[in-house]
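*Asks:* mmCIF, C-alpha atoms, saved as input.cif, coming up:
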```cif
data_structure
loop_
_atom_site.label_atom_id
_atom_site.label_comp_id
_atom_site.auth_asym_id
_atom_site.auth_seq_id
_atom_site.Cartn_x
_atom_site.Cartn_y
_atom_site.Cartn_z
CA MET A 153 162.47 37.95 -24.98
CA THR A 154 165.38 38.04 -27.41
CA GLY A 155 167.79 38.69 -24.60
CA ALA A 156 167.15 35.57 -22.60
CA SER A 157 166.60 33.08 -25.38
CA GLU A 158 169.28 34.21 -27.83
CA PRO A 159 172.56 35.01 -26.13
CA PRO A 160 175.16 36.88 -28.22
CA VAL A 161 176.03 34.38 -30.91
CA SER A 162 179.56 35.36 -31.81
CA ASP A 163 182.76 35.99 -29.93
CA ALA A 164 182.75 39.48 -31.47
CA ASP A 165 179.35 40.23 -29.94
CA ARG A 166 180.52 39.05 -26.55
CA GLU A 167 183.75 41.06 -26.77
CA ILE A 168 181.81 44.18 -27.76
CA MET A 169 179.44 43.70 -24.83
CA GLU A 170 182.37 43.34 -22.42
CA ALA A 171 183.98 46.44 -23.90
CA THR A 172 180.68 48.33 -23.49
CA HIS A 173 180.51 47.16 -19.89
CA ARG A 174 183.97 48.56 -19.14
CA ALA A 175 183.32 51.81 -21.05
CA LEU A 176 180.04 52.40 -19.18
CA ARG A 177 181.72 51.73 -15.84
CA ASP A 178 184.59 54.09 -16.61
CA HIS A 179 182.79 56.96 -18.35
CA GLY A 180 179.14 56.72 -17.31
CA TYR A 181 176.29 56.88 -19.79
CA ALA A 182 176.33 60.61 -20.62
CA ASP A 183 179.97 60.58 -21.72
CA LEU A 184 179.83 57.25 -23.52
CA THR A 185 180.81 57.41 -27.18
CA MET A 186 181.27 54.77 -29.86
CA GLN A 187 184.94 55.82 -29.86
CA ARG A 188 185.31 54.97 -26.17
CA ILE A 189 183.67 51.59 -26.67
CA ALA A 190 185.90 51.00 -29.70
CA ASP A 191 188.95 51.88 -27.59
CA GLU A 192 187.96 49.25 -25.02
CA TYR A 193 187.22 46.80 -27.85
CA GLY A 194 190.66 47.43 -29.30
CA LYS A 195 189.29 48.00 -32.79
CA SER A 196 187.95 50.88 -34.87
CA THR A 197 184.47 52.41 -34.58
CA ALA A 198 183.90 51.01 -38.09
CA ALA A 199 184.30 47.53 -36.59
CA LEU A 200 181.61 48.42 -34.05
CA HIS A 201 179.29 49.84 -36.68
CA TYR A 202 179.64 46.60 -38.64
CA HIS A 203 177.71 44.95 -35.77
CA TYR A 204 175.55 47.81 -34.50
CA ASP A 205 174.23 50.70 -36.56
CA THR A 206 173.89 53.14 -33.67
CA LYS A 207 175.02 53.61 -30.09
CA GLU A 208 171.41 53.22 -28.98
CA GLU A 209 171.15 49.86 -30.75
CA LEU A 210 174.41 48.71 -29.17
CA LEU A 211 173.24 49.77 -25.71
CA ALA A 212 169.88 48.03 -26.18
CA ALA A 213 171.85 44.86 -27.01
CA PHE A 214 173.88 45.49 -23.84
CA LEU A 215 170.67 45.43 -21.79
CA ASP A 216 169.85 42.04 -23.36
CA TYR A 217 173.35 40.89 -22.50
CA LEU A 218 172.92 41.88 -18.84
CA LEU A 219 169.71 39.86 -18.62
CA ASP A 220 171.48 36.90 -20.26
CA ARG A 221 174.25 37.08 -17.70
CA PHE A 222 171.75 37.23 -14.85
CA VAL A 223 169.77 34.29 -16.21
CA GLU A 224 172.96 32.26 -16.71
CA SER A 225 174.17 32.99 -13.18
CA VAL A 226 170.84 31.79 -11.78
CA ARG A 227 170.65 28.73 -14.05
CA ALA A 228 174.13 27.72 -12.96
CA VAL A 229 172.73 26.92 -9.52
CA GLU A 230 170.73 23.73 -9.68
CA THR A 231 167.91 23.92 -7.21
CA THR A 232 164.25 23.14 -7.57
CA ASP A 233 163.31 23.80 -3.94
CA PRO A 234 160.98 26.83 -4.14
CA GLU A 235 162.28 28.48 -0.97
CA ASP A 236 165.94 28.07 -1.96
CA ARG A 237 165.13 29.22 -5.47
CA LEU A 238 163.45 32.42 -4.27
CA GLU A 239 166.32 33.15 -1.85
CA LEU A 240 168.82 32.63 -4.66
CA LEU A 241 166.99 35.01 -7.00
CA LEU A 242 166.79 37.71 -4.33
CA ASP A 243 170.46 37.22 -3.42
CA ARG A 244 171.49 37.63 -7.05
CA LEU A 245 169.22 40.64 -7.60
CA LEU A 246 170.55 42.39 -4.53
CA VAL A 247 174.23 41.49 -4.50
CA SER A 248 176.48 44.45 -3.83
CA PRO A 249 179.97 43.80 -5.12
CA LYS A 250 181.74 47.12 -4.74
CA SER A 251 183.07 46.83 -8.29
CA ASN A 252 179.51 47.02 -9.53
CA SER A 253 178.60 50.46 -8.22
CA ASP A 254 179.83 52.29 -11.33
CA LEU A 255 177.64 50.05 -13.47
CA LEU A 256 174.65 50.82 -11.21
CA ILE A 257 175.28 54.54 -11.83
CA ALA A 258 175.33 54.08 -15.61
CA MET A 259 172.23 51.88 -15.44
CA LEU A 260 170.25 54.51 -13.53
CA GLU A 261 171.20 57.07 -16.19
CA MET A 262 169.93 54.70 -18.87
CA ARG A 263 166.77 54.01 -16.88
CA SER A 264 166.07 57.73 -16.59
CA GLN A 265 166.24 57.92 -20.41
CA ALA A 266 163.60 55.22 -20.94
CA PRO A 267 160.80 57.81 -21.43
CA TYR A 268 162.83 59.29 -24.32
CA LYS A 269 164.26 56.14 -25.91
CA ASP A 270 161.86 53.40 -26.95
CA ALA A 271 164.62 50.82 -27.41
CA PHE A 272 165.64 51.26 -23.75
CA ALA A 273 162.05 51.28 -22.51
CA ASP A 274 161.31 48.05 -24.40
CA ARG A 275 164.34 46.29 -22.92
CA PHE A 276 163.73 47.46 -19.37
CA GLN A 277 160.12 46.29 -19.63
CA GLN A 278 161.08 42.92 -21.11
CA ASN A 279 163.81 42.35 -18.53
CA ASP A 280 161.50 43.25 -15.66
CA GLU A 281 158.83 40.92 -17.02
CA TYR A 282 161.30 38.08 -17.44
CA ILE A 283 162.65 38.38 -13.92
CA ARG A 284 159.17 38.75 -12.43
CA HIS A 285 158.22 35.53 -14.20
CA MET A 286 161.19 33.75 -12.62
CA LEU A 287 160.07 34.99 -9.20
CA GLU A 288 156.47 34.01 -9.91
CA ALA A 289 157.49 30.52 -11.04
CA ALA A 290 159.27 29.93 -7.72
CA ILE A 291 156.32 31.32 -5.75
CA ASP A 292 153.73 29.30 -7.70
CA ARG A 293 155.77 26.15 -7.22
CA GLY A 294 155.95 26.84 -3.49
CA ILE A 295 152.19 27.32 -3.38
CA ASP A 296 151.68 24.03 -5.27
CA GLU A 297 153.99 22.20 -2.88
CA GLY A 298 152.26 23.72 0.12
CA VAL A 299 155.34 25.52 1.52
CA PHE A 300 154.05 29.00 0.61
CA ALA A 301 150.70 30.55 1.45
CA ASP A 302 148.22 30.90 -1.41
CA VAL A 303 149.15 34.46 -2.40
CA ASP A 304 148.77 36.55 -5.54
CA ALA A 305 152.17 35.64 -7.06
CA ASP A 306 151.94 38.49 -9.57
CA HIS A 307 151.59 41.07 -6.79
CA VAL A 308 154.32 39.52 -4.64
CA SER A 309 156.78 39.48 -7.56
CA ARG A 310 155.99 43.13 -8.33
CA ALA A 311 156.43 44.02 -4.66
CA LEU A 312 159.83 42.29 -4.59
CA MET A 313 160.95 44.06 -7.77
CA THR A 314 159.83 47.37 -6.23
CA ILE A 315 162.20 46.67 -3.34
CA VAL A 316 164.98 45.69 -5.78
CA ASP A 317 164.55 48.81 -7.92
CA GLY A 318 164.34 51.01 -4.82
CA ALA A 319 167.63 49.60 -3.59
CA ARG A 320 169.35 50.16 -6.93
CA THR A 321 168.14 53.76 -7.08
CA ARG A 322 169.11 54.48 -3.48
CA ALA A 323 172.55 52.90 -3.88
CA VAL A 324 173.26 55.45 -6.62
CA VAL A 325 171.39 58.57 -5.50
CA LEU A 326 172.32 58.36 -1.83
CA ASP A 327 175.70 56.72 -2.49
CA GLU A 328 174.76 54.06 0.05
CA ALA A 329 176.37 50.64 -0.29
CA VAL A 330 174.12 49.63 2.61
CA ALA A 331 171.01 50.25 0.46
CA LEU A 332 171.26 46.78 -1.09
CA GLU A 333 171.67 45.08 2.30
CA THR A 334 168.72 46.99 3.72
CA ALA A 335 166.66 45.90 0.74
CA ARG A 336 167.76 42.26 1.06
CA GLN A 337 166.56 42.29 4.67
CA THR A 338 163.33 44.05 3.67
CA ALA A 339 162.70 41.46 0.95
CA ALA A 340 163.30 38.64 3.45
CA GLU A 341 160.88 40.22 5.93
CA TYR A 342 158.31 40.70 3.18
CA VAL A 343 158.65 37.09 1.98
CA ASP A 344 158.32 35.83 5.56
CA ALA A 345 155.23 37.94 6.16
CA THR A 346 153.38 37.15 2.95
CA LEU A 347 154.47 33.64 1.96
CA ARG A 348 154.84 31.89 5.33
CA MET B 90 167.82 71.15 6.51
CA THR B 91 167.51 74.55 4.90
CA GLY B 92 164.67 73.34 2.74
CA ALA B 93 162.30 72.38 5.50
CA SER B 94 163.01 75.12 8.00
CA GLU B 95 163.38 78.06 5.63
CA PRO B 96 160.72 78.09 2.93
CA PRO B 97 161.31 80.47 0.01
CA VAL B 98 161.17 83.89 1.62
CA SER B 99 159.98 86.05 -1.22
CA ASP B 100 157.17 85.95 -3.74
CA ALA B 101 159.84 86.06 -6.44
CA ASP B 102 161.45 82.88 -5.11
CA ARG B 103 158.10 81.13 -5.04
CA GLU B 104 157.24 82.27 -8.55
CA ILE B 105 160.61 81.09 -9.85
CA MET B 106 160.09 77.71 -8.20
CA GLU B 107 156.66 77.36 -9.79
CA ALA B 108 158.10 78.35 -13.17
CA THR B 109 160.87 75.77 -12.73
CA HIS B 110 158.25 73.16 -11.87
CA ARG B 111 156.35 73.85 -15.12
CA ALA B 112 159.52 74.01 -17.22
CA LEU B 113 160.76 70.67 -15.84
CA ARG B 114 157.39 69.03 -16.47
CA ASP B 115 157.23 70.35 -20.05
CA HIS B 116 160.85 69.93 -21.17
CA GLY B 117 162.39 67.32 -18.86
CA TYR B 118 165.72 67.82 -17.17
CA ALA B 119 168.09 67.31 -20.13
CA ASP B 120 166.44 70.03 -22.21
CA LEU B 121 165.93 72.47 -19.36
CA THR B 122 167.57 75.86 -19.87
CA MET B 123 167.54 79.10 -17.89
CA GLN B 124 165.77 80.61 -20.92
CA ARG B 125 162.92 78.10 -20.66
CA ILE B 126 162.53 78.76 -16.95
CA ALA B 127 162.63 82.51 -17.64
CA ASP B 128 159.91 82.07 -20.28
CA GLU B 129 157.69 80.36 -17.71
CA TYR B 130 158.59 83.03 -15.16
CA GLY B 131 157.61 85.73 -17.65
CA LYS B 132 160.84 87.67 -17.09
CA SER B 133 164.38 87.73 -18.48
CA THR B 134 167.14 85.28 -17.67
CA ALA B 135 168.88 88.24 -16.00
CA ALA B 136 165.99 88.36 -13.54
CA LEU B 137 166.61 84.67 -12.78
CA HIS B 138 170.34 85.18 -12.40
CA TYR B 139 169.65 87.95 -9.89
CA HIS B 140 168.32 85.22 -7.58
CA TYR B 141 170.37 82.18 -8.65
CA ASP B 142 173.89 82.23 -10.09
CA THR B 143 173.61 78.96 -11.98
CA LYS B 144 171.00 76.51 -13.22
CA GLU B 145 172.41 73.93 -10.82
CA GLU B 146 171.92 76.30 -7.88
CA LEU B 147 168.37 77.05 -9.00
CA LEU B 148 167.58 73.33 -9.32
CA ALA B 149 169.09 72.58 -5.91
CA ALA B 150 166.74 75.26 -4.50
CA PHE B 151 163.91 73.53 -6.39
CA LEU B 152 164.65 70.28 -4.53
CA ASP B 153 164.41 72.22 -1.25
CA TYR B 154 161.12 73.66 -2.45
CA LEU B 155 159.70 70.19 -3.19
CA LEU B 156 160.57 69.06 0.34
CA ASP B 157 158.94 72.21 1.74
CA ARG B 158 155.77 71.48 -0.18
CA PHE B 159 155.73 67.90 1.03
CA VAL B 160 156.29 68.92 4.65
CA GLU B 161 153.57 71.58 4.40
CA SER B 162 151.08 69.12 2.91
CA VAL B 163 151.73 66.72 5.78
CA ARG B 164 151.66 69.42 8.47
CA ALA B 165 148.30 70.62 7.16
CA VAL B 166 146.74 67.40 8.44
CA GLU B 167 146.48 67.55 12.21
CA THR B 168 146.88 64.09 13.60
CA THR B 169 149.00 62.78 16.41
CA ASP B 170 147.77 59.19 16.25
CA PRO B 171 150.88 57.20 15.22
CA GLU B 172 149.02 54.77 12.96
CA ASP B 173 147.10 57.54 11.16
CA ARG B 174 150.27 59.58 10.92
CA LEU B 175 152.23 56.74 9.27
CA GLU B 176 149.36 56.02 6.86
CA LEU B 177 149.20 59.69 5.94
CA LEU B 178 152.92 59.89 5.24
CA LEU B 179 152.84 56.78 3.05
CA ASP B 180 149.75 58.05 1.21
CA ARG B 181 151.47 61.35 0.46
CA LEU B 182 154.73 59.70 -0.57
CA LEU B 183 152.95 57.33 -2.93
CA VAL B 184 150.17 59.43 -4.40
CA SER B 185 149.85 59.08 -8.14
CA PRO B 186 148.11 62.08 -9.62
CA LYS B 187 148.48 61.63 -13.36
CA SER B 188 149.57 65.24 -13.72
CA ASN B 189 152.65 64.37 -11.70
CA SER B 190 154.18 61.76 -14.00
CA ASP B 191 156.16 64.31 -16.03
CA LEU B 192 157.68 65.63 -12.83
CA LEU B 193 158.60 62.07 -11.78
CA ILE B 194 160.45 61.68 -15.10
CA ALA B 195 162.43 64.89 -14.57
CA MET B 196 163.16 63.91 -10.97
CA LEU B 197 164.59 60.53 -12.00
CA GLU B 198 166.86 62.32 -14.48
CA MET B 199 168.06 64.59 -11.68
CA ARG B 200 168.52 61.62 -9.34
CA SER B 201 170.65 59.84 -11.93
CA GLN B 202 172.91 62.93 -11.98
CA ALA B 203 173.52 62.89 -8.21
CA PRO B 204 176.86 61.05 -8.60
CA TYR B 205 178.06 63.89 -10.84
CA LYS B 206 176.53 66.93 -9.09
CA ASP B 207 177.27 67.43 -5.41
CA ALA B 208 174.51 70.01 -4.95
CA PHE B 209 171.92 67.45 -6.10
CA ALA B 210 173.45 64.63 -4.05
CA ASP B 211 173.39 66.82 -0.92
CA ARG B 212 169.73 67.72 -1.39
CA PHE B 213 168.60 64.17 -2.15
CA GLN B 214 170.43 62.95 0.95
CA GLN B 215 169.00 65.70 3.15
CA ASN B 216 165.47 65.19 1.86
CA ASP B 217 165.68 61.44 2.34
CA GLU B 218 166.98 61.93 5.87
CA TYR B 219 164.26 64.43 6.71
CA ILE B 220 161.46 62.18 5.47
CA ARG B 221 162.95 59.11 7.17
CA HIS B 222 162.97 61.10 10.42
CA MET B 223 159.29 61.89 9.99
CA LEU B 224 158.57 58.18 9.48
CA GLU B 225 160.76 57.25 12.46
CA ALA B 226 159.03 59.80 14.70
CA ALA B 227 155.64 58.22 13.94
CA ILE B 228 157.02 54.71 14.48
CA ASP B 229 158.78 55.61 17.74
CA ARG B 230 155.63 57.28 19.03
CA GLY B 231 153.64 54.15 18.17
CA ILE B 232 156.18 52.02 20.02
CA ASP B 233 155.96 54.34 23.07
CA GLU B 234 152.17 54.16 23.01
CA GLY B 235 152.24 50.38 22.68
CA VAL B 236 150.38 50.25 19.33
CA PHE B 237 153.48 49.21 17.35
CA ALA B 238 155.87 46.35 18.05
CA ASP B 239 159.30 47.28 19.41
CA VAL B 240 161.10 47.40 16.05
CA ASP B 241 164.27 49.06 14.76
CA ALA B 242 162.58 52.27 13.55
CA ASP B 243 165.64 53.26 11.54
CA HIS B 244 165.52 50.04 9.53
CA VAL B 245 161.74 50.16 9.04
CA SER B 246 161.90 53.75 7.76
CA ARG B 247 164.71 52.81 5.35
CA ALA B 248 162.69 49.80 4.18
CA LEU B 249 159.66 52.01 3.53
CA MET B 250 161.74 54.57 1.61
CA THR B 251 163.20 51.70 -0.45
CA ILE B 252 159.63 50.80 -1.46
CA VAL B 253 158.85 54.48 -2.19
CA ASP B 254 161.97 54.96 -4.33
CA GLY B 255 161.36 51.67 -6.13
CA ALA B 256 157.84 52.80 -7.03
CA ARG B 257 159.04 56.16 -8.32
CA THR B 258 161.70 54.52 -10.47
CA ARG B 259 159.32 51.88 -11.83
CA ALA B 260 156.61 54.45 -12.58
CA VAL B 261 159.08 56.19 -14.91
CA VAL B 262 161.15 53.34 -16.36
CA LEU B 263 158.27 50.93 -16.93
CA ASP B 264 155.73 53.70 -17.59
CA GLU B 265 153.46 52.05 -15.03
CA ALA B 266 150.94 54.23 -13.23
CA VAL B 267 150.12 51.10 -11.23
CA ALA B 268 153.65 51.04 -9.77
CA LEU B 269 152.66 53.53 -7.05
CA GLU B 270 149.53 51.56 -6.11
CA THR B 271 151.50 48.32 -5.97
CA ALA B 272 154.02 50.03 -3.71
CA ARG B 273 151.32 51.48 -1.46
CA GLN B 274 149.94 47.98 -0.96
CA THR B 275 153.44 46.58 -0.39
CA ALA B 276 154.15 49.28 2.20
CA ALA B 277 150.86 48.48 3.97
CA GLU B 278 151.70 44.77 4.02
CA TYR B 279 155.20 45.53 5.31
CA VAL B 280 153.86 47.82 8.06
CA ASP B 281 151.31 45.19 9.08
CA ALA B 282 153.94 42.47 9.21
CA THR B 283 156.62 44.37 11.10
CA LEU B 284 154.75 46.84 13.32
CA ARG B 285 151.64 44.88 14.31
#
```
Just give me the structure of the file as structure tokens.

*Replies:*
Amino acid sequence: MTGASEPPVSDADREIMEATHRALRDHGYADLTMQRIADEYGKSTAALHYHYDTKEELLAAFLDYLLDRFVESVRAVETTDPEDRLELLLDRLLVSPKSNSDLLIAMLEMRSQAPYKDAFADRFQQNDEYIRHMLEAAIDRGIDEGVFADVDADHVSRALMTIVDGARTRAVVLDEAVALETARQTAAEYVDATLR
Amino acid sequence: MTGASEPPVSDADREIMEATHRALRDHGYADLTMQRIADEYGKSTAALHYHYDTKEELLAAFLDYLLDRFVESVRAVETTDPEDRLELLLDRLLVSPKSNSDLLIAMLEMRSQAPYKDAFADRFQQNDEYIRHMLEAAIDRGIDEGVFADVDADHVSRALMTIVDGARTRAVVLDEAVALETARQTAAEYVDATLR
């Protein structure tokens, strides 16, 4: 779980990740080049290669960075109440800021390449596992405190991530901003039905 | 809804679709060429171009063909009972024959290209709409017959397709055969909770 436990250490790393973010949003994954990232970074491709040998390595680090950002945004909210915690996680997983739709497009392209690129597959698997564990922790705590029914937390977290991933795919493929809202409602209905 | 109402008219069309199916499974979407489809078809690329001007046009026809096959497989089962009908649709949408995983990979690649290729986006939207209407018809019938609660059938069908699309994405990205089974169980739980 490199991504979650070791955030980018240097300012350079962080700047490169932000440049990659902008380049992915503007050009998509297929047309992304080290030159375009370097342009956003404001330095040469040599400066990029000093930190990352290949584009694939840089993009794998970007997937770690996205998980870091998600984990930070969730940690920033101090709540130990299991119900609030679960709501917060689902809200953050299914937010739909319009500005984010270009990133969702690039992410689906990268996801579709997971069968061909081990570095991507590893990161997507790690990130999914990490987020499922956060969901499970909230569910298990709720079970311990008697506010949730005694469910299979592993299954429920997988079910919720299925809804999240479905929403992300549909938002891109069907160009539906409403896909994330539909999924948020579906997740709420599912939580109500299984945990309460 | 050209796909569902007008199945490929000629044997040639059907043979080309089957050749495309095999070529996509074997080479994926990124490495698919008209030559590779022609090789599977056992004829020249000129023979392919006689039927389809471009690869994109051929692949758009392939998406129609997949919907046709799905609709035929569902029509083949004669049942008017709303509960059986809904179960059948979900079973067919979430089957996981191992032989199909290479097609799921190619399909996710094509889905990720929808924002860049209008012909793909149109087909994915039409197919989603068609299948949601099939789900809605079963739900509405169940409501009329008093076996289902009086729900918003449009929302429930979108929720179910979110689960289906999530499973298909996860099966590819996380290389999890179990993703489809998890989703089938999630869909069953969701149906139980909302319709019963």

*Asks:* Could you tell me which residues of chain B sit within 6 Å of chain A when counting only C-alpha atoms, and give me the result as number ranges by chain?

*Replies:* B: 197-198, 200-201, 203, 214, 248, 251-252, 254-256, 262-263, 275, 282

*Asks:* Selected by the PyMOL selection byres ((chain B and resi 182) around 9) in the shown coordinates: which residues, as number ranges by chain?

*Replies:* B: 159, 177-181, 183-184, 250, 253, 273

*Asks:* For this file, the PyMOL selection byres ((chain B and resi 149) around 10) selects which residues, as a short mmCIF file (atom, residue, chain, number, x, y, z; two decimals) with C-alpha atoms, in the frame of the given file?

*Replies:*
```cif
data_model
loop_
_atom_site.label_atom_id
_atom_site.label_comp_id
_atom_site.auth_asym_id
_atom_site.auth_seq_id
_atom_site.Cartn_x
_atom_site.Cartn_y
_atom_site.Cartn_z
CA GLY B 92 164.67 73.34 2.74
CA THR B 143 173.61 78.96 -11.98
CA LYS B 144 171.00 76.51 -13.22
CA GLU B 145 172.41 73.93 -10.82
CA GLU B 146 171.92 76.30 -7.88
CA LEU B 147 168.37 77.05 -9.00
CA LEU B 148 167.58 73.33 -9.32
CA ALA B 150 166.74 75.26 -4.50
CA PHE B 151 163.91 73.53 -6.39
CA LEU B 152 164.65 70.28 -4.53
CA ASP B 153 164.41 72.22 -1.25
CA TYR B 154 161.12 73.66 -2.45
CA MET B 199 168.06 64.59 -11.68
CA LYS B 206 176.53 66.93 -9.09
CA ASP B 207 177.27 67.43 -5.41
CA ALA B 208 174.51 70.01 -4.95
CA PHE B 209 171.92 67.45 -6.10
CA ALA B 210 173.45 64.63 -4.05
CA ASP B 211 173.39 66.82 -0.92
CA ARG B 212 169.73 67.72 -1.39
CA PHE B 213 168.60 64.17 -2.15
#
```

*Asks:* Can you work out the spacing between atom CA of A:Asp220 and atom CA of A:Asp191 in Å, to one decimal?

*Replies:*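 If I compute the distance from atom CA of A:Asp220 to atom CA of A:Asp191, I get 24.2 Å.
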
*Asks:* Would you write out, as a list in words, every residue that the PyMOL selection byres ((chain A and resi 175) around 9) captures in this file?

*Replies:*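 In the shown coordinates, the PyMOL selection byres ((chain A and resi 175) around 9) covers Glu170, Ala171, Thr172, His173, Arg174, Leu176, Arg177, Asp178, His179, Gly180, Tyr181, Leu184, Thr185, Arg188, Ile189, Asp191 and Glu192 of chain A.
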
*Asks:* I want to know what sits within 12 Å of A:Ala164, based on only C-alpha atoms, with residues of the same chain fewer than 4 positions away left out; could you give that as a list of chain:residue names?

*Replies:* A:Pro160, A:Ile168, A:Met169, A:Glu170, A:Ala171, A:Tyr193, A:Gly194, A:Lys195, A:Ala199, A:Leu200, A:Tyr202, A:His203, A:Tyr204

*Asks:* Take the residues from that selection and put them in a file with C-alpha atoms, as a PDB file, in the frame of the given file.

*Replies:*
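Resulting contents of part_14.pdb:
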```
ATOM      1  CA  PRO A 160     175.160  36.880 -28.220  1.00  0.00           C
ATOM      2  CA  ILE A 168     181.810  44.180 -27.760  1.00  0.00           C
ATOM      3  CA  MET A 169     179.440  43.700 -24.830  1.00  0.00           C
ATOM      4  CA  GLU A 170     182.370  43.340 -22.420  1.00  0.00           C
ATOM      5  CA  ALA A 171     183.980  46.440 -23.900  1.00  0.00           C
ATOM      6  CA  TYR A 193     187.220  46.800 -27.850  1.00  0.00           C
ATOM      7  CA  GLY A 194     190.660  47.430 -29.300  1.00  0.00           C
ATOM      8  CA  LYS A 195     189.290  48.000 -32.790  1.00  0.00           C
ATOM      9  CA  ALA A 199     184.300  47.530 -36.590  1.00  0.00           C
ATOM     10  CA  LEU A 200     181.610  48.420 -34.050  1.00  0.00           C
ATOM     11  CA  TYR A 202     179.640  46.600 -38.640  1.00  0.00           C
ATOM     12  CA  HIS A 203     177.710  44.950 -35.770  1.00  0.00           C
ATOM     13  CA  TYR A 204     175.550  47.810 -34.500  1.00  0.00           C
TER      14      TYR A 204
END
```

*Asks:* To one decimal in Å, tell me the separation between atom CA of A:Gly294 and atom CA of A:Glu235.

*Replies:*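 Between atom CA of A:Gly294 and atom CA of A:Glu235 the gap works out to 7.0 Å.
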
*Asks:* Distance atom CA of A:Val299-atom CA of A:Arg348, one decimal place?

*Replies:* 7.4 Å

*Asks:* With only C-alpha atoms as the atoms that count, which of B:Ala238, B:Leu224, B:Leu284, B:Asn189 lies nearest to B:Ala266?

*Replies:*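 Distance minimum relative to B:Ala266 lands on B:Asn189.
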
*Asks:* Just the residues within 9 Å of A:Met286, please, counting all atoms listed in the file, with nothing from its chain fewer than 3 positions along; format it as JSON, numbers by chain.

*Replies:* {"A": [238, 241, 281, 282, 283, 289, 290, 291, 309]}
